[in-house]
$ cat input.cif   # mmCIF, N, CA and C atoms
data_my_file
loop_
_atom_site.group_PDB
_atom_site.id
_atom_site.type_symbol
_atom_site.label_atom_id
_atom_site.label_comp_id
_atom_site.auth_asym_id
_atom_site.auth_seq_id
_atom_site.Cartn_x
_atom_site.Cartn_y
_atom_site.Cartn_z
ATOM 1 N N MET A 599 -118.842 -62.315 123.167
ATOM 2 C CA MET A 599 -118.366 -63.227 122.152
ATOM 3 C C MET A 599 -119.569 -63.916 121.509
ATOM 4 N N ALA A 600 -119.516 -64.085 120.192
ATOM 5 C CA ALA A 600 -120.626 -64.714 119.489
ATOM 6 C C ALA A 600 -120.594 -66.214 119.706
ATOM 7 N N VAL A 601 -121.735 -66.766 120.078
ATOM 8 C CA VAL A 601 -121.871 -68.194 120.316
ATOM 9 C C VAL A 601 -123.027 -68.698 119.463
ATOM 10 N N PRO A 602 -122.837 -69.810 118.710
ATOM 11 C CA PRO A 602 -123.926 -70.321 117.892
ATOM 12 C C PRO A 602 -125.097 -70.784 118.753
ATOM 13 N N LYS A 603 -126.307 -70.476 118.305
ATOM 14 C CA LYS A 603 -127.500 -70.872 119.054
ATOM 15 C C LYS A 603 -127.807 -72.350 118.844
ATOM 16 N N ARG A 604 -127.537 -72.854 117.623
ATOM 17 C CA ARG A 604 -127.786 -74.260 117.314
ATOM 18 C C ARG A 604 -126.521 -74.874 116.711
ATOM 19 N N LYS A 605 -126.448 -76.190 116.792
ATOM 20 C CA LYS A 605 -125.317 -76.894 116.201
ATOM 21 C C LYS A 605 -125.426 -76.824 114.677
ATOM 22 N N MET A 606 -124.324 -76.519 114.006
ATOM 23 C CA MET A 606 -124.319 -76.485 112.554
ATOM 24 C C MET A 606 -124.102 -77.908 112.037
ATOM 25 N N SER A 607 -124.928 -78.320 111.085
ATOM 26 C CA SER A 607 -124.818 -79.692 110.567
ATOM 27 C C SER A 607 -123.516 -79.854 109.779
ATOM 28 N N LYS A 608 -123.116 -81.106 109.603
ATOM 29 C CA LYS A 608 -121.874 -81.387 108.879
ATOM 30 C C LYS A 608 -121.960 -80.930 107.425
ATOM 31 N N ALA A 609 -123.132 -81.043 106.831
ATOM 32 C CA ALA A 609 -123.304 -80.631 105.428
ATOM 33 C C ALA A 609 -123.116 -79.120 105.286
ATOM 34 N N ARG A 610 -123.699 -78.345 106.190
ATOM 35 C CA ARG A 610 -123.551 -76.882 106.120
ATOM 36 C C ARG A 610 -122.117 -76.465 106.430
ATOM 37 N N ARG A 611 -121.497 -77.140 107.384
ATOM 38 C CA ARG A 611 -120.125 -76.818 107.749
ATOM 39 C C ARG A 611 -119.159 -77.141 106.603
ATOM 40 N N ASP A 612 -119.321 -78.324 106.005
ATOM 41 C CA ASP A 612 -118.399 -78.765 104.972
ATOM 42 C C ASP A 612 -118.610 -78.047 103.642
ATOM 43 N N LYS A 613 -119.778 -77.429 103.446
ATOM 44 C CA LYS A 613 -120.028 -76.667 102.231
ATOM 45 C C LYS A 613 -119.059 -75.498 102.101
ATOM 46 N N ARG A 614 -118.710 -74.894 103.210
ATOM 47 C CA ARG A 614 -117.778 -73.761 103.191
ATOM 48 C C ARG A 614 -116.354 -74.199 102.907
ATOM 49 N N ARG A 615 -116.038 -75.449 103.152
ATOM 50 C CA ARG A 615 -114.670 -75.940 103.018
ATOM 51 C C ARG A 615 -114.413 -76.599 101.673
ATOM 52 N N ALA A 616 -115.292 -76.427 100.708
ATOM 53 C CA ALA A 616 -115.182 -77.134 99.432
ATOM 54 C C ALA A 616 -114.493 -76.301 98.360
ATOM 55 N N ASN A 617 -113.744 -75.264 98.699
ATOM 56 C CA ASN A 617 -113.124 -74.378 97.707
ATOM 57 C C ASN A 617 -111.672 -74.760 97.451
ATOM 58 N N TRP A 618 -111.382 -76.030 97.220
ATOM 59 C CA TRP A 618 -110.002 -76.483 97.092
ATOM 60 C C TRP A 618 -109.553 -76.660 95.650
ATOM 61 N N LYS A 619 -110.465 -76.571 94.668
ATOM 62 C CA LYS A 619 -110.079 -76.823 93.287
ATOM 63 C C LYS A 619 -109.332 -75.621 92.711
ATOM 64 N N LEU A 620 -108.303 -75.895 91.947
ATOM 65 C CA LEU A 620 -107.501 -74.862 91.302
ATOM 66 C C LEU A 620 -107.983 -74.654 89.875
ATOM 67 N N THR A 621 -107.706 -73.475 89.335
ATOM 68 C CA THR A 621 -108.064 -73.187 87.948
ATOM 69 C C THR A 621 -106.811 -73.247 87.076
ATOM 70 N N ILE A 622 -107.009 -73.563 85.824
ATOM 71 C CA ILE A 622 -105.902 -73.645 84.875
ATOM 72 C C ILE A 622 -105.438 -72.225 84.553
ATOM 73 N N PRO A 623 -104.134 -71.977 84.533
ATOM 74 C CA PRO A 623 -103.682 -70.636 84.159
ATOM 75 C C PRO A 623 -103.980 -70.349 82.698
ATOM 76 N N GLY A 624 -104.294 -69.099 82.386
ATOM 77 C CA GLY A 624 -104.592 -68.721 81.012
ATOM 78 C C GLY A 624 -103.333 -68.740 80.176
ATOM 79 N N LEU A 625 -103.346 -69.492 79.097
ATOM 80 C CA LEU A 625 -102.182 -69.596 78.221
ATOM 81 C C LEU A 625 -102.469 -68.853 76.924
ATOM 82 N N VAL A 626 -101.425 -68.247 76.359
ATOM 83 C CA VAL A 626 -101.528 -67.556 75.079
ATOM 84 C C VAL A 626 -100.532 -68.179 74.109
ATOM 85 N N GLU A 627 -100.713 -67.892 72.835
ATOM 86 C CA GLU A 627 -99.833 -68.434 71.810
ATOM 87 C C GLU A 627 -98.689 -67.470 71.544
ATOM 88 N N CYS A 628 -97.481 -67.981 71.485
ATOM 89 C CA CYS A 628 -96.311 -67.158 71.162
ATOM 90 C C CYS A 628 -96.398 -66.745 69.692
ATOM 91 N N PRO A 629 -96.241 -65.456 69.379
ATOM 92 C CA PRO A 629 -96.353 -65.042 67.972
ATOM 93 C C PRO A 629 -95.213 -65.533 67.075
ATOM 94 N N GLN A 630 -94.058 -65.891 67.671
ATOM 95 C CA GLN A 630 -92.929 -66.357 66.860
ATOM 96 C C GLN A 630 -92.998 -67.861 66.587
ATOM 97 N N CYS A 631 -93.094 -68.672 67.657
ATOM 98 C CA CYS A 631 -93.018 -70.131 67.469
ATOM 99 C C CYS A 631 -94.371 -70.816 67.618
ATOM 100 N N HIS A 632 -95.425 -70.087 67.986
ATOM 101 C CA HIS A 632 -96.794 -70.584 68.103
ATOM 102 C C HIS A 632 -96.953 -71.686 69.147
ATOM 103 N N GLU A 633 -96.090 -71.670 70.164
ATOM 104 C CA GLU A 633 -96.243 -72.579 71.298
ATOM 105 C C GLU A 633 -97.039 -71.868 72.382
ATOM 106 N N LYS A 634 -97.643 -72.623 73.272
ATOM 107 C CA LYS A 634 -98.392 -72.035 74.380
ATOM 108 C C LYS A 634 -97.424 -71.545 75.448
ATOM 109 N N LYS A 635 -97.705 -70.350 76.019
ATOM 110 C CA LYS A 635 -96.871 -69.787 77.066
ATOM 111 C C LYS A 635 -97.735 -68.963 78.002
ATOM 112 N N MET A 636 -97.206 -68.635 79.166
ATOM 113 C CA MET A 636 -97.909 -67.781 80.109
ATOM 114 C C MET A 636 -97.883 -66.352 79.578
ATOM 115 N N PRO A 637 -98.946 -65.572 79.771
ATOM 116 C CA PRO A 637 -98.939 -64.198 79.278
ATOM 117 C C PRO A 637 -97.943 -63.333 80.045
ATOM 118 N N HIS A 638 -97.340 -62.377 79.370
ATOM 119 C CA HIS A 638 -96.377 -61.426 79.926
ATOM 120 C C HIS A 638 -95.127 -62.119 80.449
ATOM 121 N N ARG A 639 -94.732 -63.215 79.813
ATOM 122 C CA ARG A 639 -93.530 -63.941 80.181
ATOM 123 C C ARG A 639 -92.721 -64.211 78.919
ATOM 124 N N VAL A 640 -91.424 -64.456 79.080
ATOM 125 C CA VAL A 640 -90.564 -64.845 77.963
ATOM 126 C C VAL A 640 -90.961 -66.251 77.540
ATOM 127 N N CYS A 641 -91.013 -66.482 76.237
ATOM 128 C CA CYS A 641 -91.367 -67.806 75.727
ATOM 129 C C CYS A 641 -90.250 -68.785 76.082
ATOM 130 N N PRO A 642 -90.558 -69.902 76.753
ATOM 131 C CA PRO A 642 -89.500 -70.844 77.130
ATOM 132 C C PRO A 642 -88.939 -71.615 75.929
ATOM 133 N N ASP A 643 -89.663 -71.659 74.809
ATOM 134 C CA ASP A 643 -89.194 -72.425 73.658
ATOM 135 C C ASP A 643 -88.261 -71.618 72.764
ATOM 136 N N CYS A 644 -88.643 -70.378 72.423
ATOM 137 C CA CYS A 644 -87.828 -69.601 71.481
ATOM 138 C C CYS A 644 -87.101 -68.435 72.137
ATOM 139 N N GLY A 645 -87.479 -68.032 73.344
ATOM 140 C CA GLY A 645 -86.782 -66.957 74.045
ATOM 141 C C GLY A 645 -87.195 -65.561 73.630
ATOM 142 N N HIS A 646 -88.315 -65.400 72.926
ATOM 143 C CA HIS A 646 -88.784 -64.089 72.495
ATOM 144 C C HIS A 646 -89.717 -63.473 73.521
ATOM 145 N N TYR A 647 -89.687 -62.142 73.616
ATOM 146 C CA TYR A 647 -90.661 -61.394 74.404
ATOM 147 C C TYR A 647 -90.853 -60.063 73.716
ATOM 148 N N ASN A 648 -92.092 -59.720 73.404
ATOM 149 C CA ASN A 648 -92.452 -58.451 72.770
ATOM 150 C C ASN A 648 -91.730 -58.261 71.436
ATOM 151 N N GLY A 649 -91.573 -59.352 70.680
ATOM 152 C CA GLY A 649 -90.972 -59.286 69.356
ATOM 153 C C GLY A 649 -89.468 -59.258 69.337
ATOM 154 N N LYS A 650 -88.807 -59.365 70.497
ATOM 155 C CA LYS A 650 -87.338 -59.323 70.552
ATOM 156 C C LYS A 650 -86.809 -60.595 71.222
ATOM 157 N N VAL A 651 -85.601 -60.997 70.827
ATOM 158 C CA VAL A 651 -84.956 -62.142 71.477
ATOM 159 C C VAL A 651 -84.396 -61.642 72.806
ATOM 160 N N VAL A 652 -84.870 -62.210 73.892
ATOM 161 C CA VAL A 652 -84.443 -61.797 75.219
ATOM 162 C C VAL A 652 -83.513 -62.828 75.819
ATOM 163 N N VAL A 653 -83.846 -64.102 75.617
ATOM 164 C CA VAL A 653 -83.056 -65.204 76.167
ATOM 165 C C VAL A 653 -82.619 -66.059 75.008
ATOM 166 N N ALA A 654 -81.338 -66.436 74.983
ATOM 167 C CA ALA A 654 -80.848 -67.303 73.933
ATOM 168 C C ALA A 654 -81.412 -68.698 74.151
ATOM 169 N N ALA A 655 -82.101 -69.247 73.149
ATOM 170 C CA ALA A 655 -82.689 -70.575 73.252
ATOM 171 C C ALA A 655 -81.607 -71.630 73.009
ATOM 172 N N GLU A 656 -81.771 -72.750 73.697
ATOM 173 C CA GLU A 656 -80.791 -73.833 73.533
ATOM 174 C C GLU A 656 -80.994 -74.552 72.226
#

$ encode --input "input.cif" --output "C-alpha cells"
Amino acid sequence: MAVPKRKMSKARRDKRRANWKLTIPGLVECPQCHEKKMPHRVCPDCGHYNGKVVVAAE
C-alpha cells in the first residue's frame, strides 16, 4: 500500500479541492422570438424547435 513519505501541507492538500465553481451554460438566441434558450431544446417562450411549432405557447 502506498504511504506518503512526508506530511502534505494544508495549502497543497486544499489546492486539489478548489474545483467547486460551476460554469454558465452556453445560451443561443431563438431564431423566431430572439430570446435566449439552451441549445438543442424547445424555446420556452415561443415553443419553436427547428423552425416548427412543437409546444403550444401560453

$ select_by_dssp --input "input.cif" --residues "segment 605-648 of chain A" --states "strand (DSSP E)" --output "mmCIF file with N, CA and C atoms, in the frame of the given file"
data_model
loop_
_atom_site.group_PDB
_atom_site.id
_atom_site.type_symbol
_atom_site.label_atom_id
_atom_site.label_comp_id
_atom_site.auth_asym_id
_atom_site.auth_seq_id
_atom_site.Cartn_x
_atom_site.Cartn_y
_atom_site.Cartn_z
ATOM 1 N N VAL A 626 -101.425 -68.247 76.359
ATOM 2 C CA VAL A 626 -101.528 -67.556 75.079
ATOM 3 C C VAL A 626 -100.532 -68.179 74.109
ATOM 4 N N GLU A 627 -100.713 -67.892 72.835
ATOM 5 C CA GLU A 627 -99.833 -68.434 71.810
ATOM 6 C C GLU A 627 -98.689 -67.470 71.544
ATOM 7 N N LYS A 634 -97.643 -72.623 73.272
ATOM 8 C CA LYS A 634 -98.392 -72.035 74.380
ATOM 9 C C LYS A 634 -97.424 -71.545 75.448
ATOM 10 N N LYS A 635 -97.705 -70.350 76.019
ATOM 11 C CA LYS A 635 -96.871 -69.787 77.066
ATOM 12 C C LYS A 635 -97.735 -68.963 78.002
ATOM 13 N N HIS A 646 -88.315 -65.400 72.926
ATOM 14 C CA HIS A 646 -88.784 -64.089 72.495
ATOM 15 C C HIS A 646 -89.717 -63.473 73.521
ATOM 16 N N TYR A 647 -89.687 -62.142 73.616
ATOM 17 C CA TYR A 647 -90.661 -61.394 74.404
ATOM 18 C C TYR A 647 -90.853 -60.063 73.716
#

$ atom_distance --input "input.cif" --atom1 "atom CA of Glu633 of chain A" --atom2 "atom CA of Lys619 of chain A"
26.3 Å

$ closest_residue --input "input.cif" --among "A:Ala600, A:Ala654, A:Cys641, A:Ala609" --to "Leu625 of chain A" --atoms "only C-alpha atoms"
A:Cys641

$ select_by_dssp --input "input.cif" --residues "chain A" --states "alpha helix (DSSP H)" --output "list in words"
Lys608, Ala609, Arg610, Arg611, Asp612 and Lys613 of chain A

$ resolve_selection --input "input.cif" --expression "the PyMOL selection byres ((chain A and resi 626) around 6.5)" --output "number ranges by chain"
A: 624-625, 627-628, 633-637

$ resolve_selection --input "input.cif" --expression "the PyMOL selection byres (((chain A and resi 644 and name CA) around 12) and name CA)" --output "ChimeraX atom specification"
/A:628-635,639-643,645-647,649-656

$ atom_distance --input "input.cif" --atom1 "atom CA of Lys605 of chain A" --atom2 "atom N of Leu620 of chain A"
29.6 Å

$ atom_distance --input "input.cif" --atom1 "atom CA of Ile622 of chain A" --atom2 "atom N of His638 of chain A"
15.2 Å

$ axis_aligned_box --input "input.cif" --around "segment 640-648 of chain A" --padding-each-side "6 Å" --output "AutoDock Vina command-line options"
--center_x -89.6 --center_y -65.3 --center_z 75.3 --size_x 17.7 --size_y 26.2 --size_z 19.6
